[in-house]
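A quick write-up on the structure given underneath.
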Amino acid sequence: MNFDAIIDRSGTRALKWDDPLNEPGKPDILPLWVADMDFAAPTEVTRALEDRAAHPIYGYTREPKDYAETVASWYRRRYGAEIQAGDVCLAPGLVPSLGIAVRSLTEPGAGVVVLTPVYYPFYDIIQSNDRALIAVPLGQDGDLRYVIDFSAIDRSLEAAAEAGHRAQAIMFCSPHNPGGRVWSKAELDELSAFCKERGIAIICDEIHADFSLGSTPFTSIADRAGSEEPRIVTLGAPNKTFNIAGLHLSHFACAQKETLARVKRGIAAAGFSQPNIFSIEAAYAAYRSGEPWLEELIAYLRGNIDYLVDFAETRLPGLTAIRPEGGYLVWVNASELIRELGLSNDAELVRLLAEEGRVRLNPGSKFGAEGSGYVRVNVACPQSLLIEGLERIERWVSARKKGA
Ligand SMILES: Cc1ncc(COP(=O)(O)O)c(C=O)c1O
């Protein structure tokens with residue numbers, strides 16, 4: 001696969017490229033934000049979609065008989081997790097499925113913990129389902145690497161319980177978006193033991209599972225259910241892995257029979273009974289034939305991350321990139337640059353970079369108050385585009401400094 005190929009996405013209604021600041025027909029803002037990739041999906045996926053589209057009747061569709069086994073064998077082969085076909089069930093896109101998990105495992109008014117900063121829809125899913133958000137900051141070590149602060153969680157649990165919102169679940173992101181942590185087996189064991197002791201269920205979003213880039217292998221929390229406690233449900237999807245996010249399909253994997261039964265009732269209550277006709281064809285083809293493509297992709301992403309980290313170190317003083325252990329999103333501490341340029345916050349930096357520098361990033365504060373002063377950079381694009389984006393940032397910073 002040629003990941004260097006530049007594929008024009010204009011005219012495809014791409015959320016990432018169709019920027020409101022672009023003049024019509026002139027997509028000149030380089031988008032290093034929305035978490036999809038500017039790479040063609042595996043050929044087998046495109047072929048499966050074309051084949052299905054060629055048949056002109058697009059009626060209700062069953063999943064292939066061995067789909068659950070295909071997913072389960074992915075967990076066993078890629079993550080070393082002992083998941084069986086009967087532990088897997090199909091679900092709509094991952095974000096709607098987080099809502100299903102919250103409604104299945106917690107009661108209205110109960111507390112749901114998130115460790116911040118975190119993927120921003122977590123906040124909304126919890127609150128719009130009438131659960132109380134318990135936001136607990138992650139700790140950071142000397143290299144700005146995020147760590148779970150169990151005593152901080154305990155303090156927040158106590159305060160929430162006093163306010164009448166006893167915690168019933170934690171919504172956990174593994175690997176972590178935006179911080180790029182691939183949680184170690186030891187950390188996940190500690191989290192499970194902590195939640196078991198306190199009767200808290202774990203809803204674990206593993207959508208970035210397939211992009212473990214550093215020395216820590218990804219560990220799925222899906223199969224650590226020796227018993228029914230703590231309740232653990234994991235959510236996975238082919239969406240990020242194979243760049244088919246617009247097809248919106250996910251799955252639950254849960255080795256606990258009673259918990260899985262609750263989730264299945266929740267899926268039924270949400271009215272989901274069959275997958276979208278195209279998403280199931282794409283996902284099936286991807287899980288069966290996409291592995292060689294994925295291996296090449298991971299090698300390419302590592303190259304892009306190295307490039308970004310090195311560029312920030314040598315040419316972008318004031319920006320400190322945290323090398324991700326997993327995922328293609330790089331969390332960058334911009335607080336020094338914000339201060340040097342006399343800006344008020346990361347949102348202003350991101351706005352000016354888009355308006356004047358013609359490159360768009362995500363503002364860190366969108367991921368929670370602890371993300372303020374940060375920006376998030378998506379490196380899943382041909383390296384020449386990444387270089388162009390970084391050079392635009394460099395030129396804009398230097399012009400600003402001269403003007404300042
Ligand atoms: C942690 C995490 N969960 C879920 C999603 C989106 O899932 P979906 O598009 O299947 O709803 C994303 C996309 O960026 C993500 O980063």
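Ordered as shown in the structure tokens, chains take letters A, B, and onward, while each chain numbers its residues from 1 and ligands are numbered from 1 in the order shown.
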
For the contact check between chain A and ligand 1, emit one row per residue of chain A within 10 Å, containing the shortest atom pair and the distance in Å rounded to one decimal, counting only C-alpha atoms and all ligand atoms, chain then rising number order, as CSV.
residue,atom,partner,partner_atom_place_in_ligand_line,distance
A:Trp33,CA,ligand 1,14 (O),9.8
A:Val34,CA,ligand 1,14 (O),7.1
A:Ala35,CA,ligand 1,14 (O),4.8
A:Asp36,CA,ligand 1,14 (O),7.3
A:Ala91,CA,ligand 1,10 (O),9.7
A:Pro92,CA,ligand 1,10 (O),7.6
A:Gly93,CA,ligand 1,10 (O),3.9
A:Leu94,CA,ligand 1,10 (O),3.7
A:Val95,CA,ligand 1,11 (O),3.8
A:Pro96,CA,ligand 1,11 (O),6.3
A:Ser97,CA,ligand 1,11 (O),7.7
A:Leu98,CA,ligand 1,4 (C),8.5
A:Val118,CA,ligand 1,1 (C),7.9
A:Tyr119,CA,ligand 1,1 (C),5.5
A:Tyr120,CA,ligand 1,1 (C),8.6
A:Pro121,CA,ligand 1,4 (C),8.0
A:Phe122,CA,ligand 1,3 (N),8.4
A:Phe172,CA,ligand 1,1 (C),8.9
A:Cys173,CA,ligand 1,1 (C),5.8
A:Ser174,CA,ligand 1,1 (C),7.6
A:Pro175,CA,ligand 1,1 (C),7.9
A:His176,CA,ligand 1,1 (C),7.0
A:Asn177,CA,ligand 1,1 (C),5.5
A:Pro178,CA,ligand 1,16 (O),7.7
A:Cys204,CA,ligand 1,1 (C),9.4
A:Asp205,CA,ligand 1,3 (N),5.9
A:Glu206,CA,ligand 1,1 (C),7.0
A:Ile207,CA,ligand 1,3 (N),5.6
A:His208,CA,ligand 1,1 (C),6.7
A:Ala209,CA,ligand 1,1 (C),9.7
A:Leu235,CA,ligand 1,3 (N),8.8
A:Gly236,CA,ligand 1,10 (O),8.5
A:Ala237,CA,ligand 1,10 (O),6.6
A:Pro238,CA,ligand 1,10 (O),8.4
A:Asn239,CA,ligand 1,10 (O),6.0
A:Lys240,CA,ligand 1,13 (C),7.3
A:Ile244,CA,ligand 1,9 (O),8.9
A:Ala245,CA,ligand 1,9 (O),5.3
A:Gly246,CA,ligand 1,9 (O),7.0
A:Leu247,CA,ligand 1,10 (O),8.1
A:His248,CA,ligand 1,10 (O),5.0
A:Leu249,CA,ligand 1,10 (O),6.1
A:Ser250,CA,ligand 1,10 (O),6.2
A:His251,CA,ligand 1,10 (O),9.6
A:Gly327,CA,ligand 1,16 (O),8.9
A:Leu329,CA,ligand 1,16 (O),9.0

Can I get the selected residues back with N, CA and C atoms, as a short mmCIF file (atom, residue, chain, number, x, y, z; two decimals), in the first residue's frame?
data_model
loop_
_atom_site.label_atom_id
_atom_site.label_comp_id
_atom_site.auth_asym_id
_atom_site.auth_seq_id
_atom_site.Cartn_x
_atom_site.Cartn_y
_atom_site.Cartn_z
N TRP A 33 -6.80 17.38 12.34
CA TRP A 33 -7.67 17.31 13.53
C TRP A 33 -8.52 16.05 13.53
N VAL A 34 -9.79 16.08 12.98
CA VAL A 34 -10.72 14.94 13.10
C VAL A 34 -9.98 13.60 13.01
N ALA A 35 -10.36 12.65 13.89
CA ALA A 35 -9.62 11.39 13.95
C ALA A 35 -10.07 10.37 12.91
N ASP A 36 -9.89 10.74 11.62
CA ASP A 36 -9.87 9.69 10.60
C ASP A 36 -8.59 9.87 9.80
N ALA A 91 -23.14 -3.87 17.47
CA ALA A 91 -23.76 -2.66 18.00
C ALA A 91 -23.61 -1.54 16.97
N PRO A 92 -24.37 -0.44 17.14
CA PRO A 92 -24.17 0.68 16.20
C PRO A 92 -22.81 1.34 16.42
N GLY A 93 -22.59 2.53 15.93
CA GLY A 93 -21.31 3.21 16.09
C GLY A 93 -20.87 3.22 17.56
N LEU A 94 -19.60 3.40 17.79
CA LEU A 94 -19.11 3.24 19.16
C LEU A 94 -19.67 4.28 20.13
N VAL A 95 -19.81 5.52 19.68
CA VAL A 95 -20.32 6.54 20.61
C VAL A 95 -21.77 6.24 21.02
N PRO A 96 -22.68 5.95 20.07
CA PRO A 96 -24.02 5.55 20.52
C PRO A 96 -23.98 4.32 21.43
N SER A 97 -23.03 3.43 21.20
CA SER A 97 -22.95 2.22 22.04
C SER A 97 -22.47 2.54 23.45
N LEU A 98 -21.71 3.62 23.60
CA LEU A 98 -21.34 4.05 24.96
C LEU A 98 -22.60 4.42 25.74
N VAL A 118 -10.12 13.66 28.41
CA VAL A 118 -10.58 12.45 27.73
C VAL A 118 -11.44 12.81 26.52
N TYR A 119 -11.56 11.86 25.61
CA TYR A 119 -12.38 11.99 24.39
C TYR A 119 -13.70 12.67 24.75
N TYR A 120 -13.96 13.85 24.14
CA TYR A 120 -15.00 14.73 24.68
C TYR A 120 -16.43 14.20 24.65
N PRO A 121 -16.83 13.30 23.71
CA PRO A 121 -18.22 12.81 23.80
C PRO A 121 -18.53 12.05 25.09
N PHE A 122 -17.51 11.60 25.81
CA PHE A 122 -17.77 10.91 27.08
C PHE A 122 -18.63 11.78 28.01
N PHE A 172 -13.89 4.40 30.58
CA PHE A 172 -12.43 4.42 30.51
C PHE A 172 -12.00 4.30 29.05
N CYS A 173 -10.96 5.02 28.68
CA CYS A 173 -10.50 5.05 27.29
C CYS A 173 -9.15 4.35 27.19
N SER A 174 -9.11 3.24 26.44
CA SER A 174 -7.90 2.40 26.43
C SER A 174 -7.68 1.82 25.04
N PRO A 175 -6.59 2.19 24.34
CA PRO A 175 -5.64 3.25 24.66
C PRO A 175 -6.31 4.61 24.83
N HIS A 176 -5.56 5.48 25.48
CA HIS A 176 -6.15 6.75 25.89
C HIS A 176 -6.09 7.82 24.79
N ASN A 177 -7.26 8.36 24.49
CA ASN A 177 -7.36 9.53 23.62
C ASN A 177 -7.79 10.68 24.52
N PRO A 178 -7.02 11.75 24.63
CA PRO A 178 -5.97 12.20 23.73
C PRO A 178 -4.54 11.90 24.17
N CYS A 204 -15.33 0.14 28.87
CA CYS A 204 -14.00 0.43 28.33
C CYS A 204 -14.05 0.61 26.81
N ASP A 205 -13.69 1.80 26.36
CA ASP A 205 -13.68 2.13 24.94
C ASP A 205 -12.30 1.78 24.38
N GLU A 206 -12.25 0.70 23.57
CA GLU A 206 -10.96 0.23 23.03
C GLU A 206 -10.84 0.50 21.53
N ILE A 207 -11.44 1.59 21.07
CA ILE A 207 -11.46 1.82 19.62
C ILE A 207 -10.06 2.01 19.02
N HIS A 208 -9.10 2.45 19.86
CA HIS A 208 -7.73 2.65 19.32
C HIS A 208 -6.83 1.44 19.57
N ALA A 209 -7.45 0.29 19.91
CA ALA A 209 -6.68 -0.89 20.32
C ALA A 209 -5.65 -1.36 19.30
N LEU A 235 -15.82 -2.04 24.37
CA LEU A 235 -16.35 -1.68 23.06
C LEU A 235 -15.20 -1.57 22.09
N GLY A 236 -15.34 -2.25 20.96
CA GLY A 236 -14.32 -2.17 19.92
C GLY A 236 -14.98 -1.88 18.59
N ALA A 237 -14.17 -1.59 17.58
CA ALA A 237 -14.73 -1.27 16.26
C ALA A 237 -13.63 -1.36 15.20
N PRO A 238 -14.04 -1.65 13.98
CA PRO A 238 -13.06 -1.61 12.89
C PRO A 238 -12.88 -0.19 12.33
N ASN A 239 -13.65 0.76 12.88
CA ASN A 239 -13.75 2.09 12.27
C ASN A 239 -12.43 2.83 12.14
N LYS A 240 -11.70 2.92 13.26
CA LYS A 240 -10.42 3.65 13.21
C LYS A 240 -9.38 2.78 12.51
N ILE A 244 -12.72 3.27 8.28
CA ILE A 244 -14.09 3.18 7.79
C ILE A 244 -15.05 3.81 8.82
N ALA A 245 -14.58 4.90 9.45
CA ALA A 245 -15.36 5.51 10.54
C ALA A 245 -16.74 5.96 10.07
N GLY A 246 -16.85 6.37 8.80
CA GLY A 246 -18.15 6.84 8.29
C GLY A 246 -19.18 5.72 8.19
N LEU A 247 -18.76 4.48 8.42
CA LEU A 247 -19.71 3.36 8.31
C LEU A 247 -20.36 2.99 9.65
N HIS A 248 -19.79 3.53 10.77
CA HIS A 248 -20.47 3.46 12.08
C HIS A 248 -20.94 2.07 12.52
N LEU A 249 -20.01 1.19 12.79
CA LEU A 249 -20.36 -0.12 13.34
C LEU A 249 -19.40 -0.40 14.49
N SER A 250 -19.90 -1.01 15.55
CA SER A 250 -19.00 -1.39 16.64
C SER A 250 -19.45 -2.73 17.19
N HIS A 251 -18.76 -3.19 18.20
CA HIS A 251 -19.19 -4.43 18.87
C HIS A 251 -18.86 -4.34 20.35
N GLY A 327 -2.15 4.82 19.06
CA GLY A 327 -3.01 5.77 18.36
C GLY A 327 -2.19 6.69 17.47
N LEU A 329 -2.87 10.00 17.25
CA LEU A 329 -3.16 11.37 17.68
C LEU A 329 -2.07 11.79 18.66
#

DSSP-assigned alpha helix (DSSP H) among segment 52-222 of chain A, expressed as number ranges by chain: A: 52-54, 67-74, 94-105, 121-128, 150-162, 185-198

Compile the contact shell of segment 354-359 of chain A as a PyMOL selection string: residues with an atom at most 8 Å away, counting only C-alpha atoms, same-chain residues fewer than 5 positions apart removed. chain A and resi 21+28-32+389+392-393+395-396

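Residue neighbourhood of Leu301 of chain A, excluding near-sequence residues (fewer than 6 positions): Tyr328, Val379 and Ala380 of chain A, at 8 Å, using only C-alpha atoms.
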
Just the selected residues (C-alpha atoms), exported as an mmCIF file, in the first residue's frame, please.
data_model
loop_
_atom_site.group_PDB
_atom_site.id
_atom_site.type_symbol
_atom_site.label_atom_id
_atom_site.label_comp_id
_atom_site.auth_asym_id
_atom_site.auth_seq_id
_atom_site.Cartn_x
_atom_site.Cartn_y
_atom_site.Cartn_z
ATOM 1 C CA TYR A 328 -2.210 8.289 15.664
ATOM 2 C CA VAL A 379 -0.628 12.423 11.989
ATOM 3 C CA ALA A 380 -2.611 9.860 9.948
#

Residue set, segment 265-374 of chain A restricted to strand (DSSP E or B), as a ChimeraX atom specification: /A:320-322,326,329-333,359-360,362-363,374

So that I have them on file, write out the residues from the current selection with C-alpha atoms, as a tab-separated table (two decimals), in the first residue's frame.
chain	number	residue	atom	x	y	z
A	320	THR	CA	6.26	19.79	23.60
A	321	ALA	CA	4.92	16.72	21.83
A	322	ILE	CA	4.15	13.70	24.00
A	326	GLY	CA	-0.77	4.06	20.89
A	329	LEU	CA	-3.16	11.37	17.68
A	330	VAL	CA	-0.36	13.34	19.27
A	331	TRP	CA	-0.99	15.40	22.40
A	332	VAL	CA	1.14	18.50	22.40
A	333	ASN	CA	1.72	20.85	25.31
A	359	VAL	CA	-3.79	24.49	9.45
A	360	ARG	CA	-6.39	23.10	11.83
A	362	ASN	CA	-7.98	20.26	18.00
A	363	PRO	CA	-7.90	22.56	21.05
A	374	TYR	CA	-2.67	21.56	24.85

Interatomic distance between atom CA of Ala201 of chain A and atom CA of Glu228 of chain A?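 Those two atoms sit 10.1 Å apart.
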
Can you work out the spacing between atom CA of Leu213 of chain A and atom CA of Gly371 of chain A in Å, to one decimal?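 Atom-to-atom, atom CA of Leu213 of chain A and atom CA of Gly371 of chain A are spaced 22.6 Å apart.
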
Top pick for closest residue to Ala334 of chain A, considering A:Leu319, A:Ala161, A:Pro382, A:Asn243 and counting only C-alpha atoms: A:Leu319

For Val147 of chain A, please output as a PyMOL selection string all residues within 9 Å (counting only C-alpha atoms; exclusion window: fewer than 3 positions along the same chain). chain A and resi 138-141+181+183+187

Segment 160-259 of chain A residues near segment 80-90 of chain A within 7 Å, closest pair each, using only C-alpha atoms, as CSV:
residue,atom,partner,partner_atom,distance
A:Ser220,CA,A:Ala81,CA,6.4
A:Asp223,CA,A:Glu82,CA,5.7
A:Ser250,CA,A:Leu90,CA,6.2
A:His251,CA,A:Leu90,CA,4.4
A:Phe252,CA,A:Cys89,CA,5.3
A:Ala253,CA,A:Val88,CA,4.5
A:Cys254,CA,A:Asp87,CA,5.2
A:Ala255,CA,A:Asp87,CA,5.3

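The closest residue to Val112 of chain A, picked from A:Gly99, A:Leu133, A:Pro217, A:Asp189 and counting only C-alpha atoms, is A:Leu133.
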
Give me, as number ranges by chain, all polymer residues having an atom no more than 9 Å from Glu296 of chain A, counting only C-alpha atoms and skipping those fewer than 5 positions away in the same chain. A: 1, 3, 291, 301

Would you put the residues from that selection into a file with C-alpha atoms, as an mmCIF file, in the first residue's frame?
data_model
loop_
_atom_site.group_PDB
_atom_site.id
_atom_site.type_symbol
_atom_site.label_atom_id
_atom_site.label_comp_id
_atom_site.auth_asym_id
_atom_site.auth_seq_id
_atom_site.Cartn_x
_atom_site.Cartn_y
_atom_site.Cartn_z
ATOM 1 C CA MET A 1 0.000 0.000 0.000
ATOM 2 C CA PHE A 3 0.569 5.558 2.150
ATOM 3 C CA GLU A 291 -4.061 -7.477 8.627
ATOM 4 C CA LEU A 301 2.411 5.924 11.419
#

Distance criterion (only C-alpha atoms): nearest to Leu115 of chain A out of A:Ser156, A:Thr216, A:Gln168, A:Asn304: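 For Leu115 of chain A, the nearest of the given residues is A:Ser156.
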
Which residue is closest to Tyr123 of chain A? Choose from A:Phe272, A:Gly368, A:Ile387, A:Arg323 and count only C-alpha atoms. A:Gly368
